[in-house]
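Here is the structure we will look at, set down as structure tokens.
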Amino acid sequence: MEKKYYQNWNRLVYYVSDVYAATSKFKTGKAKDLSQKIRKTAVSITVDLNRPQEIEKSKIYPLLSSVSVLETYLQLAKKYKFLKDTSVLDYKLKELKTILNQMLE
């Protein structure tokens, strides 16, 4: 059974904006590398959710996996003190996971 694509584009754009703002201070070395991975993953999730075609259940699982990857990157950034607090981003990722899980039902 197919589901409609995610319809709240503005929420996704604001989330990506938050990710970019949080990682804007990652200027050099490992921090910059991690910043690029975090940003690329966030944008990828957004693009995949905004495709104009229907999203099948089988395509939701890779998106959930990408959200988990992003969570891991953010925890690494926090562990290595590139980010002080990831609670806002973590909350938004949890919300996104909930939405994706609802799309599976």
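Numbering starts fresh at 1 for the residues of each chain in the structure tokens, the chains themselves are lettered A, B, ... in the order given, and ligands are numbered from 1 as they appear.
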
Mind the document's chain letters and residue numbers, and return as a PyMOL selection string the residues of chain A that DSSP labels strand (DSSP E). chain A and resi 2-3+55-56

Could those residues be written to a file, using N, CA and C atoms, as a PDB file, in the first residue's frame?
ATOM      1  N   GLU A   2       0.547   2.203  -0.835  1.00  0.00           N
ATOM      2  CA  GLU A   2       1.331   3.421  -0.937  1.00  0.00           C
ATOM      3  C   GLU A   2       0.790   4.499  -0.015  1.00  0.00           C
ATOM      4  N   LYS A   3       1.658   5.364   0.426  1.00  0.00           N
ATOM      5  CA  LYS A   3       1.280   6.490   1.270  1.00  0.00           C
ATOM      6  C   LYS A   3       1.649   7.782   0.559  1.00  0.00           C
ATOM      7  N   ILE A  55       5.154   7.596  -1.600  1.00  0.00           N
ATOM      8  CA  ILE A  55       6.230   6.873  -0.921  1.00  0.00           C
ATOM      9  C   ILE A  55       5.682   5.525  -0.483  1.00  0.00           C
ATOM     10  N   GLU A  56       6.303   4.486  -0.953  1.00  0.00           N
ATOM     11  CA  GLU A  56       5.898   3.135  -0.557  1.00  0.00           C
ATOM     12  C   GLU A  56       6.503   2.818   0.799  1.00  0.00           C
TER      13      GLU A  56
END

From the list A:Ser17, A:Ser44, A:Asn50, A:Ser24, the nearest residue to A:Phe82 using only C-alpha atoms is A:Ser24

I'd like the contact shell of A:Val69 - 10 Å cut-off, only C-alpha atoms, skipping same-chain residues fewer than 5 positions apart - returned as a count of residues only. 8

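Residues in contact with A:Ala22 at up to 10 Å, not including ones fewer than 4 positions away on its chain and judged by only C-alpha atoms, are Val16, Ser17, Asp18, Phe26, Ser35, Arg39, Leu74, Phe82, Leu83, Lys84, Asp85, Thr86 and Leu89 of chain A.
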